[in-house]
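Printed here is coords_18.cif (mmCIF, C-alpha atoms):
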```
data_target
loop_
_atom_site.label_atom_id
_atom_site.label_comp_id
_atom_site.auth_asym_id
_atom_site.auth_seq_id
_atom_site.Cartn_x
_atom_site.Cartn_y
_atom_site.Cartn_z
CA MET A 1 133.29 102.37 91.92
CA VAL A 2 130.01 100.50 92.23
CA PHE A 3 129.00 98.09 94.98
CA SER A 4 128.58 95.18 92.58
CA SER A 5 132.08 95.50 91.11
CA ILE A 6 134.90 93.07 91.88
CA VAL A 7 137.12 95.94 93.04
CA PHE A 8 134.59 97.02 95.66
CA ALA A 9 133.36 93.62 96.85
CA PHE A 10 136.70 91.81 97.00
CA ILE A 11 139.30 94.52 97.56
CA PHE A 12 137.95 97.85 98.82
CA LEU A 13 135.28 96.64 101.26
CA PRO A 14 137.33 93.87 102.96
CA ILE A 15 140.24 96.28 103.50
CA VAL A 16 137.97 98.96 104.97
CA VAL A 17 136.20 96.46 107.26
CA VAL A 18 139.51 95.05 108.58
CA LEU A 19 141.01 98.49 109.18
CA TYR A 20 137.80 99.71 110.80
CA PHE A 21 137.53 96.92 113.35
CA LEU A 22 141.26 96.87 114.12
CA ALA A 23 141.25 100.59 114.88
CA LYS A 24 140.39 102.15 118.21
CA PRO A 25 136.83 103.58 118.36
CA GLU A 26 138.05 107.19 118.35
CA TYR A 27 139.77 106.67 114.98
CA ARG A 28 137.01 104.77 113.19
CA ASN A 29 135.19 107.82 111.82
CA TYR A 30 138.41 109.03 110.23
CA ILE A 31 138.99 105.65 108.59
CA LEU A 32 135.47 105.77 107.14
CA LEU A 33 136.01 109.34 105.94
CA ALA A 34 139.28 108.43 104.21
CA ALA A 35 137.61 105.37 102.68
CA SER A 36 134.69 107.49 101.45
CA LEU A 37 136.95 110.02 99.75
CA ILE A 38 138.96 107.23 98.10
CA PHE A 39 135.71 105.54 97.03
CA TYR A 40 134.40 108.74 95.45
CA SER A 41 137.66 109.67 93.75
CA TYR A 42 138.21 106.19 92.28
CA GLY A 43 136.46 106.88 88.98
CA GLU A 44 137.16 110.61 88.52
CA PRO A 45 139.53 112.10 91.15
CA ARG A 46 138.83 115.74 90.28
CA PHE A 47 135.19 115.48 91.32
CA VAL A 48 136.14 114.81 94.93
CA PHE A 49 137.16 118.46 95.19
CA ILE A 50 133.61 119.52 94.27
CA MET A 51 132.29 117.48 97.17
CA ILE A 52 134.96 118.88 99.51
CA ILE A 53 133.96 122.42 98.50
CA SER A 54 130.33 121.55 99.28
CA ILE A 55 131.35 120.19 102.69
CA ILE A 56 133.36 123.31 103.56
CA ILE A 57 130.58 125.68 102.48
CA ASN A 58 127.91 123.85 104.48
CA TYR A 59 130.10 123.41 107.54
CA LEU A 60 131.00 127.12 107.74
CA LEU A 61 127.51 128.42 106.99
CA ALA A 62 125.86 126.01 109.44
CA ARG A 63 128.25 127.18 112.16
CA LEU A 64 127.38 130.77 111.30
CA ILE A 65 123.65 129.99 111.45
CA ASP A 66 124.16 128.44 114.87
CA ILE A 67 126.11 131.46 116.13
CA TYR A 68 123.44 133.90 114.98
CA LYS A 69 120.68 131.78 116.50
CA TYR A 70 122.57 131.62 119.81
CA LYS A 71 122.75 135.42 119.76
CA GLU A 72 119.03 135.50 118.87
CA ARG A 73 119.74 137.25 115.60
CA ILE A 74 117.11 135.27 113.74
CA ARG A 75 117.00 137.51 110.68
CA ALA A 76 120.77 137.18 110.19
CA ALA A 77 120.53 133.39 110.65
CA LYS A 78 117.78 133.25 108.05
CA THR A 79 119.89 135.31 105.64
CA VAL A 80 122.79 132.90 106.03
CA LEU A 81 120.42 129.98 105.44
CA VAL A 82 119.24 131.59 102.21
CA ILE A 83 122.87 132.02 101.16
CA ASP A 84 123.55 128.37 101.95
CA ILE A 85 120.54 127.18 99.94
CA ALA A 86 121.58 129.41 97.03
CA ALA A 87 125.17 128.15 97.15
CA ASN A 88 124.09 124.50 97.13
CA LEU A 89 121.59 125.01 94.34
CA LEU A 90 124.13 127.01 92.31
CA LEU A 91 126.65 124.19 92.64
CA LEU A 92 123.99 121.69 91.56
CA PHE A 93 122.86 123.91 88.68
CA VAL A 94 126.34 124.46 87.26
CA PHE A 95 127.34 120.82 87.23
CA LYS A 96 124.00 119.19 86.46
CA TYR A 97 121.79 121.66 84.60
CA LEU A 98 123.96 124.29 82.90
CA ASN A 99 124.49 122.21 79.75
CA PHE A 100 120.75 121.55 79.51
CA SER A 101 119.91 125.23 80.09
CA VAL A 102 122.21 126.30 77.27
CA THR A 103 120.52 123.78 74.97
CA ILE A 104 117.08 125.20 75.86
CA LEU A 105 118.23 128.79 75.26
CA ASN A 106 119.70 127.84 71.88
CA THR A 107 116.44 126.12 70.87
CA VAL A 108 114.04 128.80 72.09
CA PHE A 109 115.93 131.92 70.98
CA LYS A 110 117.60 130.44 67.87
CA ILE A 111 121.08 131.35 69.08
CA ASP A 112 124.34 129.45 68.96
CA MET A 113 125.65 129.65 72.50
CA THR A 114 128.56 127.30 73.11
CA ASN A 115 127.66 124.40 75.35
CA PRO A 116 130.19 124.29 78.21
CA GLY A 117 130.17 120.48 78.24
CA ILE A 118 130.54 120.26 82.01
CA ALA A 119 130.80 116.68 83.26
CA LEU A 120 128.35 115.52 85.94
CA PRO A 121 129.89 114.53 89.30
CA ILE A 122 128.43 111.22 90.47
CA GLY A 123 126.00 111.47 93.38
CA ILE A 124 125.92 115.28 93.45
CA SER A 125 122.13 115.31 93.82
CA PHE A 126 122.31 113.04 96.86
CA PHE A 127 125.09 114.75 98.80
CA THR A 128 123.72 118.20 97.96
CA PHE A 129 120.29 117.30 99.37
CA GLN A 130 121.87 115.82 102.49
CA ALA A 131 123.91 118.98 103.03
CA LEU A 132 120.83 121.15 102.49
CA SER A 133 118.73 119.18 104.95
CA TYR A 134 121.49 119.45 107.58
CA CYS A 135 121.73 123.25 107.35
CA ILE A 136 117.94 123.68 107.29
CA ASP A 137 117.62 121.46 110.37
CA VAL A 138 120.32 123.46 112.16
CA TYR A 139 118.31 126.60 111.45
CA ARG A 140 115.10 124.94 112.62
CA GLY A 141 116.82 123.76 115.77
CA THR A 142 115.97 120.09 115.22
CA VAL A 143 119.66 119.08 115.23
CA LYS A 144 122.75 120.46 116.93
CA VAL A 145 125.44 121.96 114.76
CA GLN A 146 128.40 119.65 114.18
CA LYS A 147 131.57 121.42 115.32
CA ASN A 148 133.96 118.76 114.06
CA PRO A 149 134.31 119.38 110.30
CA LEU A 150 135.55 115.84 109.69
CA TYR A 151 132.43 114.35 111.25
CA LEU A 152 130.23 116.49 109.01
CA ALA A 153 132.40 115.47 106.06
CA LEU A 154 131.74 111.84 106.94
CA TYR A 155 127.99 112.44 107.10
CA ILE A 156 127.94 114.04 103.64
CA SER A 157 130.46 111.74 101.93
CA PHE A 158 129.87 108.36 103.64
CA PHE A 159 130.29 105.89 100.78
CA PRO A 160 127.35 103.48 101.43
CA GLN A 161 124.69 106.06 100.55
CA LEU A 162 126.80 108.45 98.47
CA ILE A 163 126.08 107.24 94.93
CA ALA A 164 122.43 106.15 94.94
CA GLY A 165 121.02 107.01 98.34
CA PRO A 166 119.03 106.72 100.45
CA ILE A 167 119.08 110.42 101.36
CA VAL A 168 120.03 110.23 105.04
CA ARG A 169 118.92 112.94 107.49
CA TYR A 170 121.58 114.17 109.88
CA SER A 171 119.20 113.62 112.80
CA LEU A 172 119.17 109.91 112.01
CA ILE A 173 122.91 109.46 112.56
CA GLU A 174 123.69 112.44 114.79
CA ASP A 175 124.27 110.30 117.88
CA SER A 176 125.95 107.48 115.95
CA LEU A 177 128.62 109.85 114.66
CA LYS A 178 129.74 110.48 118.22
CA GLU A 179 129.41 107.00 119.68
CA ARG A 180 128.09 103.67 118.45
CA THR A 181 128.24 100.05 119.49
CA ILE A 182 128.46 97.28 116.92
CA THR A 183 127.38 93.80 117.91
CA ALA A 184 127.88 90.51 116.12
CA GLU A 185 124.17 90.59 115.31
CA ASP A 186 124.53 94.05 113.72
CA PHE A 187 127.42 92.84 111.57
CA SER A 188 125.57 89.66 110.57
CA THR A 189 122.32 91.50 109.77
CA GLY A 190 124.21 94.12 107.76
CA ALA A 191 126.17 91.51 105.81
CA LYS A 192 122.99 89.58 104.96
CA ARG A 193 121.25 92.76 103.79
CA PHE A 194 124.26 93.70 101.66
CA MET A 195 124.31 90.26 100.06
CA LEU A 196 120.57 90.44 99.38
CA GLY A 197 121.09 93.71 97.50
CA PHE A 198 124.16 92.33 95.74
CA ILE A 199 122.19 89.34 94.45
CA LYS A 200 119.23 91.51 93.39
CA LYS A 201 121.60 93.70 91.40
CA ILE A 202 123.66 90.93 89.76
CA VAL A 203 121.01 88.27 89.18
CA LEU A 204 117.82 90.26 88.61
CA ALA A 205 118.55 93.88 87.64
CA ASN A 206 121.49 93.16 85.32
CA ASN A 207 119.68 90.37 83.46
CA LEU A 208 116.49 92.40 83.08
CA ALA A 209 118.68 95.21 81.74
CA VAL A 210 119.87 92.95 78.90
CA VAL A 211 116.30 92.65 77.61
CA SER A 212 115.24 96.26 78.16
CA SER A 213 118.47 97.75 76.76
CA ASN A 214 118.23 95.58 73.68
CA ILE A 215 114.67 96.71 72.98
CA TRP A 216 115.42 100.36 73.71
CA SER A 217 118.34 100.28 71.27
CA HIS A 218 115.90 99.80 68.36
CA ASP A 219 113.64 102.33 66.70
CA PRO A 220 110.25 101.92 68.48
CA SER A 221 108.39 102.31 65.19
CA ALA A 222 110.11 99.15 63.92
CA LEU A 223 108.84 97.00 66.82
CA ASN A 224 105.39 95.62 67.51
CA SER A 225 103.34 96.41 70.61
CA GLN A 226 104.11 93.14 72.38
CA VAL A 227 107.86 93.70 72.18
CA LEU A 228 107.49 97.30 73.39
CA TRP A 229 105.41 96.15 76.36
CA LEU A 230 108.02 93.52 77.15
CA GLY A 231 110.75 96.19 77.09
CA SER A 232 108.78 98.58 79.31
CA ILE A 233 107.87 95.91 81.87
CA CYS A 234 111.45 94.63 81.99
CA PHE A 235 112.69 98.17 82.60
CA SER A 236 110.06 98.73 85.30
CA LEU A 237 111.36 95.66 87.10
CA GLN A 238 114.98 96.49 86.32
CA ILE A 239 114.88 99.98 87.83
CA PHE A 240 113.16 98.64 90.95
CA TYR A 241 115.62 95.82 91.50
CA ASP A 242 118.55 98.06 90.60
CA PHE A 243 117.60 100.99 92.80
CA SER A 244 116.28 98.95 95.71
CA ALA A 245 119.38 96.74 95.51
CA TYR A 246 121.62 99.75 96.04
CA SER A 247 119.43 100.81 98.97
CA ASP A 248 119.68 97.30 100.42
CA MET A 249 123.45 97.36 100.09
CA ALA A 250 123.67 100.85 101.58
CA ILE A 251 121.47 99.89 104.54
CA GLY A 252 123.52 96.72 105.05
CA LEU A 253 126.86 98.51 104.87
CA GLY A 254 125.62 101.18 107.26
CA ARG A 255 124.59 98.47 109.73
CA ILE A 256 128.02 96.81 109.49
CA PHE A 257 129.65 100.07 110.56
CA GLY A 258 127.10 100.86 113.26
CA PHE A 259 124.69 103.17 111.41
CA ARG A 260 120.99 102.37 111.09
CA TYR A 261 119.28 103.74 108.01
CA GLU A 262 115.57 103.85 107.32
CA GLU A 263 113.99 101.77 104.57
CA ASN A 264 113.90 103.35 101.12
CA PHE A 265 111.56 100.95 99.29
CA ASN A 266 108.51 99.13 100.58
CA TYR A 267 107.05 96.87 97.85
CA PRO A 268 105.98 99.82 95.63
CA TYR A 269 104.37 97.70 92.93
CA ILE A 270 101.66 96.45 95.27
CA SER A 271 100.38 100.03 95.56
CA SER A 272 96.67 100.53 94.95
CA SER A 273 97.03 104.24 94.12
CA VAL A 274 99.58 106.73 92.83
CA THR A 275 99.74 108.35 96.27
CA GLU A 276 100.53 105.00 97.86
CA PHE A 277 103.17 104.30 95.20
CA TRP A 278 105.10 107.40 96.22
CA ASN A 279 104.77 106.45 99.87
CA ARG A 280 106.57 103.22 99.00
CA TRP A 281 109.02 104.25 96.24
CA HIS A 282 112.26 106.09 97.07
CA ILE A 283 110.86 106.98 100.46
CA SER A 284 113.81 109.14 101.52
CA LEU A 285 113.38 111.41 98.47
CA SER A 286 109.60 111.65 98.91
CA HIS A 287 110.05 112.59 102.56
CA TRP A 288 112.74 115.12 101.66
CA PHE A 289 110.47 116.99 99.25
CA ARG A 290 107.59 116.69 101.71
CA ASP A 291 109.51 118.17 104.65
CA TYR A 292 111.64 120.78 102.88
CA VAL A 293 109.43 121.91 99.97
CA TYR A 294 105.81 120.76 100.20
CA ILE A 295 105.08 121.54 103.87
CA PRO A 296 106.94 124.91 103.85
CA LEU A 297 104.78 125.88 100.85
CA GLY A 298 101.68 125.14 102.92
CA GLY A 299 101.15 121.48 102.06
CA SER A 300 97.51 120.51 101.75
CA ARG A 301 96.29 122.88 104.47
CA VAL A 302 95.56 125.60 101.94
CA LYS A 303 92.89 126.39 99.40
CA VAL A 304 92.47 124.02 96.48
CA ALA A 305 94.15 126.29 93.91
CA ARG A 306 97.16 126.83 96.15
CA HIS A 307 97.38 123.13 96.92
CA ILE A 308 97.47 122.33 93.21
CA ILE A 309 100.25 124.90 92.75
CA ASN A 310 102.17 123.30 95.63
CA LEU A 311 101.86 119.89 94.01
CA PHE A 312 102.97 121.33 90.68
CA ILE A 313 106.11 122.86 92.22
CA VAL A 314 107.02 119.68 94.09
CA TRP A 315 106.62 117.40 91.09
CA LEU A 316 108.33 119.77 88.69
CA LEU A 317 111.31 119.86 91.08
CA THR A 318 111.14 116.10 91.54
CA GLY A 319 111.41 115.61 87.79
CA ILE A 320 114.24 118.12 87.46
CA TRP A 321 116.11 116.52 90.39
CA HIS A 322 116.27 113.21 88.54
CA GLY A 323 118.09 114.63 85.55
CA ALA A 324 118.67 117.37 83.01
CA ASN A 325 116.33 116.30 80.24
CA TYR A 326 112.82 117.10 79.04
CA THR A 327 111.90 113.48 79.73
CA PHE A 328 112.40 113.87 83.48
CA ILE A 329 110.34 117.06 83.57
CA VAL A 330 107.46 115.40 81.70
CA TRP A 331 107.78 112.32 83.94
CA GLY A 332 107.48 114.48 87.06
CA LEU A 333 104.55 116.49 85.70
CA MET A 334 102.79 113.27 84.72
CA TYR A 335 102.66 112.37 88.41
CA PHE A 336 101.44 115.88 89.22
CA VAL A 337 98.47 115.38 86.86
CA LEU A 338 97.76 111.89 88.20
CA LEU A 339 97.84 113.02 91.83
CA VAL A 340 95.59 116.02 91.19
CA PHE A 341 93.15 113.71 89.40
CA GLU A 342 93.34 111.21 92.25
CA LYS A 343 92.80 113.82 94.98
CA TYR A 344 90.18 116.06 93.36
CA VAL A 345 88.36 114.14 90.61
CA ILE A 346 87.78 110.70 92.11
CA HIS A 347 84.81 110.73 94.46
CA PRO A 348 85.88 109.71 98.00
CA GLU A 349 83.17 107.05 98.24
CA LYS A 350 84.61 105.15 95.27
CA ARG A 351 87.94 104.69 97.03
CA TYR A 352 86.39 102.21 99.46
CA SER A 353 84.91 99.99 96.73
CA VAL A 354 86.72 96.67 96.24
CA ILE A 355 86.11 96.74 92.49
CA PHE A 356 87.38 100.29 92.22
CA LYS A 357 90.51 99.41 94.24
CA ILE A 358 91.30 96.61 91.81
CA ILE A 359 90.72 98.86 88.81
CA TRP A 360 92.77 101.68 90.30
CA HIS A 361 95.58 99.30 91.20
CA ILE A 362 95.80 98.23 87.55
CA PHE A 363 95.53 101.86 86.44
CA THR A 364 98.38 102.82 88.77
CA LEU A 365 100.67 100.06 87.52
CA VAL A 366 99.93 100.89 83.87
CA PHE A 367 100.74 104.58 84.30
CA VAL A 368 103.80 103.85 86.42
CA ASN A 369 104.95 101.63 83.56
CA PHE A 370 104.33 104.37 80.98
CA GLY A 371 106.14 106.75 83.29
CA TRP A 372 109.24 104.55 83.26
CA VAL A 373 109.15 104.56 79.45
CA ILE A 374 109.38 108.35 79.51
CA PHE A 375 112.01 108.21 82.27
CA ASN A 376 114.24 105.77 80.36
CA SER A 377 113.99 107.41 76.95
CA ASN A 378 116.83 109.51 75.54
CA ASN A 379 114.41 112.23 74.48
CA LEU A 380 110.71 112.96 74.23
CA GLU A 381 110.63 111.93 70.59
CA GLN A 382 111.67 108.41 71.53
CA ALA A 383 109.37 108.39 74.57
CA MET A 384 106.31 109.41 72.54
CA SER A 385 107.10 106.93 69.77
CA PHE A 386 107.55 104.14 72.35
CA CYS A 387 104.34 104.96 74.24
CA MET A 388 102.26 105.31 71.09
CA GLY A 389 103.69 102.06 69.77
CA MET A 390 102.60 100.31 72.97
CA VAL A 391 98.98 101.25 72.24
CA GLY A 392 99.26 100.21 68.59
CA VAL A 393 100.04 103.55 66.92
CA ARG A 394 103.18 103.12 64.82
CA GLY A 395 105.16 105.78 62.99
CA PHE A 396 104.08 108.58 65.36
CA GLU A 397 106.24 111.66 64.77
CA PHE A 398 106.97 114.30 67.38
CA THR A 399 109.88 116.71 67.75
CA MET A 400 110.51 118.74 70.88
CA GLN A 401 112.05 121.61 68.92
CA ASP A 402 108.92 122.08 66.77
CA PHE A 403 106.76 121.93 69.89
CA ILE A 404 108.80 124.66 71.65
CA VAL A 405 108.86 126.91 68.57
CA ARG A 406 105.09 126.50 68.09
CA TYR A 407 104.47 127.22 71.78
CA MET A 408 106.61 130.37 71.72
CA ARG A 409 104.80 131.65 68.66
CA GLU A 410 101.39 131.19 70.24
CA TYR A 411 102.26 132.71 73.64
#
```
Target format structure tokens, applied to this file:
Amino acid sequence: MVFSSIVFAFIFLPIVVVLYFLAKPEYRNYILLAASLIFYSYGEPRFVFIMIISIIINYLLARLIDIYKYKERIRAAKTVLVIDIAANLLLLFVFKYLNFSVTILNTVFKIDMTNPGIALPIGISFFTFQALSYCIDVYRGTVKVQKNPLYLALYISFFPQLIAGPIVRYSLIEDSLKERTITAEDFSTGAKRFMLGFIKKIVLANNLAVVSSNIWSHDPSALNSQVLWLGSICFSLQIFYDFSAYSDMAIGLGRIFGFRYEENFNYPYISSSVTEFWNRWHISLSHWFRDYVYIPLGGSRVKVARHIINLFIVWLLTGIWHGANYTFIVWGLMYFVLLVFEKYVIHPEKRYSVIFKIIWHIFTLVFVNFGWVIFNSNNLEQAMSFCMGMVGVRGFEFTMQDFIVRYMREY
């Protein structure tokens, strides 16, 4: 079920809102939990059990972490945290990356391993990262453990942010889970924000998708550069309006029910650098990787070589998080290269020049646009053909299998 569907907008949401506000405050969380499970199971009921398993695992292990910390058995608490991280990542790997891993093994080692064909549960990346952040924060002591399993279930499964984010930290709604007051202004502000996102999705994103999807359905080598640029720009706008629309709707729905979420997009295409772009695009994801991967690795307060390694790890994981395809890995590593270049090659004095800022702003937008071409392509062959066609090189041939075989032979 998607927010822009008739079923959600005219049946599901009105029923949930009426039931929620008719119920006594102590029952409202349970209404939202039931609604969230129904929402998630609408398309594919069996996947709701995967999410329930994730909730149970994280609830029990977080309680165990809290018990060990209370007894000052820090090593035992850390061991449980490691188990929790491994369990979450294993769940994510099996359902999102196992098929892709089998494909890689078959290509590299010339074997014929049967692909399990495991279907991908919707939103698994989002609710897994939320669960991980909760358990890590319990270990760090920045949040109190939630003793009511149904409240934790609501945090992980709450339907507004379940499918497309934002990734909500438990600390942000910790107090609101226990008690919240909803005013007429909250409801009005939330409804307006939801409608803004709804309109962005229906009017802008969906119509831009008609153009970009049509162009992407053709062989790039059969199209001229102008058409390819049109397709790439339309997709760049489409993915922004699509993704930011869902964030708008999630923020609005959260406000209607008394939860206040942080902004997830902040005019990313006005960015004058790649660093600024990622401070404005999908902010909740950027902050998640910053706080739970980048900073624990040492962040930027390390030697240059180690800092570059830290950036490589973060952007490799960022690419992998977005999907099980070579295209996402290359897309993530493209930003790694750009950020290293931006931080270590560009002389600091140039960054304050007005002319340079204009040039770098254009440079950023161009490479972001090329990045979306890679992101939206079915495979690297299509991505390379599309990108080369945009710069006037037609008929460019590239196969990922030949590249891997050649690489393995050389190394």
Checklist entry - For the point (108.8, 99.2, 83.7) in file coordinates, what residues are within 10 Å, counting all atoms listed in the file? Give the answer as a list in words? => result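 Using all atoms listed in the file, the matching residues come out as Ser212, Trp229, Leu230, Gly231, Ser232, Ile233, Cys234, Phe235, Ser236, Leu237, Gln238, Ile239, Phe240, Leu365, Val366, Phe367, Val368, Asn369, Phe370, Gly371, Trp372, Val373, Phe375 and Asn376 of chain A.
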Taking (113.9, 100.5, 101.7) as a centre in this file's frame and 12 Å as the limit, can you find every polymer residue with an atom that close, using only C-alpha atoms, and give them as a PDB file with C-alpha atoms, in the coordinates of the input?
```pdb
ATOM      1  CA  GLY A 165     121.020 107.010  98.340  1.00  0.00           C
ATOM      2  CA  PRO A 166     119.030 106.720 100.450  1.00  0.00           C
ATOM      3  CA  ILE A 167     119.080 110.420 101.360  1.00  0.00           C
ATOM      4  CA  VAL A 168     120.030 110.230 105.040  1.00  0.00           C
ATOM      5  CA  ARG A 193     121.250  92.760 103.790  1.00  0.00           C
ATOM      6  CA  GLY A 197     121.090  93.710  97.500  1.00  0.00           C
ATOM      7  CA  PHE A 240     113.160  98.640  90.950  1.00  0.00           C
ATOM      8  CA  TYR A 241     115.620  95.820  91.500  1.00  0.00           C
ATOM      9  CA  PHE A 243     117.600 100.990  92.800  1.00  0.00           C
ATOM     10  CA  SER A 244     116.280  98.950  95.710  1.00  0.00           C
ATOM     11  CA  ALA A 245     119.380  96.740  95.510  1.00  0.00           C
ATOM     12  CA  TYR A 246     121.620  99.750  96.040  1.00  0.00           C
ATOM     13  CA  SER A 247     119.430 100.810  98.970  1.00  0.00           C
ATOM     14  CA  ASP A 248     119.680  97.300 100.420  1.00  0.00           C
ATOM     15  CA  MET A 249     123.450  97.360 100.090  1.00  0.00           C
ATOM     16  CA  ALA A 250     123.670 100.850 101.580  1.00  0.00           C
ATOM     17  CA  ILE A 251     121.470  99.890 104.540  1.00  0.00           C
ATOM     18  CA  GLY A 252     123.520  96.720 105.050  1.00  0.00           C
ATOM     19  CA  ARG A 260     120.990 102.370 111.090  1.00  0.00           C
ATOM     20  CA  TYR A 261     119.280 103.740 108.010  1.00  0.00           C
ATOM     21  CA  GLU A 262     115.570 103.850 107.320  1.00  0.00           C
ATOM     22  CA  GLU A 263     113.990 101.770 104.570  1.00  0.00           C
ATOM     23  CA  ASN A 264     113.900 103.350 101.120  1.00  0.00           C
ATOM     24  CA  PHE A 265     111.560 100.950  99.290  1.00  0.00           C
ATOM     25  CA  ASN A 266     108.510  99.130 100.580  1.00  0.00           C
ATOM     26  CA  TYR A 267     107.050  96.870  97.850  1.00  0.00           C
ATOM     27  CA  PRO A 268     105.980  99.820  95.630  1.00  0.00           C
ATOM     28  CA  ASN A 279     104.770 106.450  99.870  1.00  0.00           C
ATOM     29  CA  ARG A 280     106.570 103.220  99.000  1.00  0.00           C
ATOM     30  CA  TRP A 281     109.020 104.250  96.240  1.00  0.00           C
ATOM     31  CA  HIS A 282     112.260 106.090  97.070  1.00  0.00           C
ATOM     32  CA  ILE A 283     110.860 106.980 100.460  1.00  0.00           C
ATOM     33  CA  SER A 284     113.810 109.140 101.520  1.00  0.00           C
ATOM     34  CA  LEU A 285     113.380 111.410  98.470  1.00  0.00           C
TER      35      LEU A 285
END
```
Next on the checklist: Going by the chain IDs and residue numbers used in this file, which residues fall under the PyMOL selection byres ((chain A and resi 141) around 12)? Write them as a list in words.
Outcome noted: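 This file, filtered by the PyMOL selection byres ((chain A and resi 141) around 12), leaves Ala62, Ile65, Asp66, Lys69, Tyr70, Ile74, Ala77, Ser133, Tyr134, Cys135, Ile136, Asp137, Val138, Tyr139, Arg140, Thr142, Val143, Lys144, Val145 and Ser171 of chain A.
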Checklist entry - Do you know which residues the PyMOL selection byres ((chain A and resi 385) around 12) returns on this file, as an MDAnalysis selection string? => result chainID A and resid 216 218:225 228 370 373:374 377:384 386:399
Next on the checklist: Env of Ala324 in chain A: 7 Å cut, atoms = all atoms listed in the file, seq-sep filter 3 positions within chain, self excluded. Answer as a PyMOL selection string.
Outcome noted: chain A and resi 96-97+100+320
Next on the checklist: Please determine, counting all atoms listed in the file, which residue among A:Ser125, A:Asn148, A:Ser286, A:Asn207 has the shortest atom-to-atom distance to Ala164 in chain A.
Outcome noted: A:Ser125
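CA of Ile111 in chain A to CA of Asn99 in chain A spans 14.5 Å [interatomic distance, one decimal].
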Item to check | Residue nearest Ile358 in chain A - candidates A:Ser272, A:Val330, A:Leu89, A:Val18, atoms counted: all atoms listed in the file | outcome: A:Ser272
Checklist entry - Quick one, how far is CA of Ile270 in chain A from CA of Lys343 in chain A? => result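 For CA of Ile270 in chain A relative to CA of Lys343 in chain A, the distance reads 19.5 Å.
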Around range 274-285 of chain A, with edges along x, y and z and 8 Å added on all six sides, what centre and edge lengths do you get, in Å to one decimal, as lines of an AutoDock Vina configuration file?
```
center_x = 106.7
center_y = 107.3
center_z = 97.2
size_x = 30.2
size_y = 24.2
size_z = 24.7
```
Checklist entry - Any idea what's packed within 10 Å of Asn115 in chain A, counting only C-alpha atoms, ignoring anything in its chain fewer than 3 positions away? Could you give it as JSON, numbers by chain? => result {"A": [98, 99, 100, 101, 102, 103, 106, 112, 118]}
Next on the checklist: Residues within 10 Å of Leu297 in chain A, please, as a list in words. Count all atoms listed in the file; anything in the same chain fewer than 5 positions from it doesn't count.
Outcome noted: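 In the requested form, the answer reads Arg290, Asp291, Tyr292, Val302, Arg306, His307, Ile309, Asn310, Leu311, Ile313 and Val314 of chain A.
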Next on the checklist: Report, in Å to a single decimal, how far apart CA of Gly123 in chain A and CA of Glu44 in chain A are.
Outcome noted: 12.2 Å
Item to check | Nearest to Ile163 in chain A, chosen from A:Tyr326, A:Phe126, A:Phe8, A:Tyr294, with only C-alpha atoms counted in the distances | outcome: A:Phe126
Checklist entry - Of the candidates A:Phe95, A:Tyr30, A:Tyr40, A:Phe187, which shows the shortest atom-to-atom distance to Tyr151 in chain A, using all atoms listed in the file? => result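 Of A:Phe95, A:Tyr30, A:Tyr40, A:Phe187, the one nearest Tyr151 in chain A, counting all atoms listed in the file, is A:Tyr30.
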For the file shown, report as a PDB file with C-alpha atoms, in the coordinates of the input the outcome of the PyMOL selection byres ((chain A and resi 198) around 10) at residue level.
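New file expr.pdb:
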```
ATOM      1  CA  PHE A   3     129.000  98.090  94.980  1.00  0.00           C
ATOM      2  CA  SER A   4     128.580  95.180  92.580  1.00  0.00           C
ATOM      3  CA  SER A   5     132.080  95.500  91.110  1.00  0.00           C
ATOM      4  CA  ALA A   9     133.360  93.620  96.850  1.00  0.00           C
ATOM      5  CA  LYS A 192     122.990  89.580 104.960  1.00  0.00           C
ATOM      6  CA  ARG A 193     121.250  92.760 103.790  1.00  0.00           C
ATOM      7  CA  PHE A 194     124.260  93.700 101.660  1.00  0.00           C
ATOM      8  CA  MET A 195     124.310  90.260 100.060  1.00  0.00           C
ATOM      9  CA  LEU A 196     120.570  90.440  99.380  1.00  0.00           C
ATOM     10  CA  GLY A 197     121.090  93.710  97.500  1.00  0.00           C
ATOM     11  CA  ILE A 199     122.190  89.340  94.450  1.00  0.00           C
ATOM     12  CA  LYS A 200     119.230  91.510  93.390  1.00  0.00           C
ATOM     13  CA  LYS A 201     121.600  93.700  91.400  1.00  0.00           C
ATOM     14  CA  ILE A 202     123.660  90.930  89.760  1.00  0.00           C
ATOM     15  CA  VAL A 203     121.010  88.270  89.180  1.00  0.00           C
ATOM     16  CA  LEU A 204     117.820  90.260  88.610  1.00  0.00           C
ATOM     17  CA  ALA A 205     118.550  93.880  87.640  1.00  0.00           C
ATOM     18  CA  ASP A 242     118.550  98.060  90.600  1.00  0.00           C
ATOM     19  CA  ALA A 245     119.380  96.740  95.510  1.00  0.00           C
ATOM     20  CA  TYR A 246     121.620  99.750  96.040  1.00  0.00           C
ATOM     21  CA  ASP A 248     119.680  97.300 100.420  1.00  0.00           C
ATOM     22  CA  MET A 249     123.450  97.360 100.090  1.00  0.00           C
TER      23      MET A 249
END
```
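Using only C-alpha atoms for every distance, the candidate list A:Ile355, A:Met334, A:Val274, A:Ala87 yields A:Ala87 as the residue closest to Ile55 in chain A.
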Checklist entry - Can you tell me, as JSON, numbers by chain, what residues are no more than 10 Å from Leu150 in chain A when counting only C-alpha atoms, ignoring any on the same chain fewer than 5 positions away? => result {"A": [29, 30, 33, 34, 55, 56, 59, 155, 156]}
Next on the checklist: Nearest residue to Tyr335 in chain A out of A:Ala86, A:Thr275, A:Pro160, A:Ile295, using only C-alpha atoms?
Outcome noted: A:Thr275
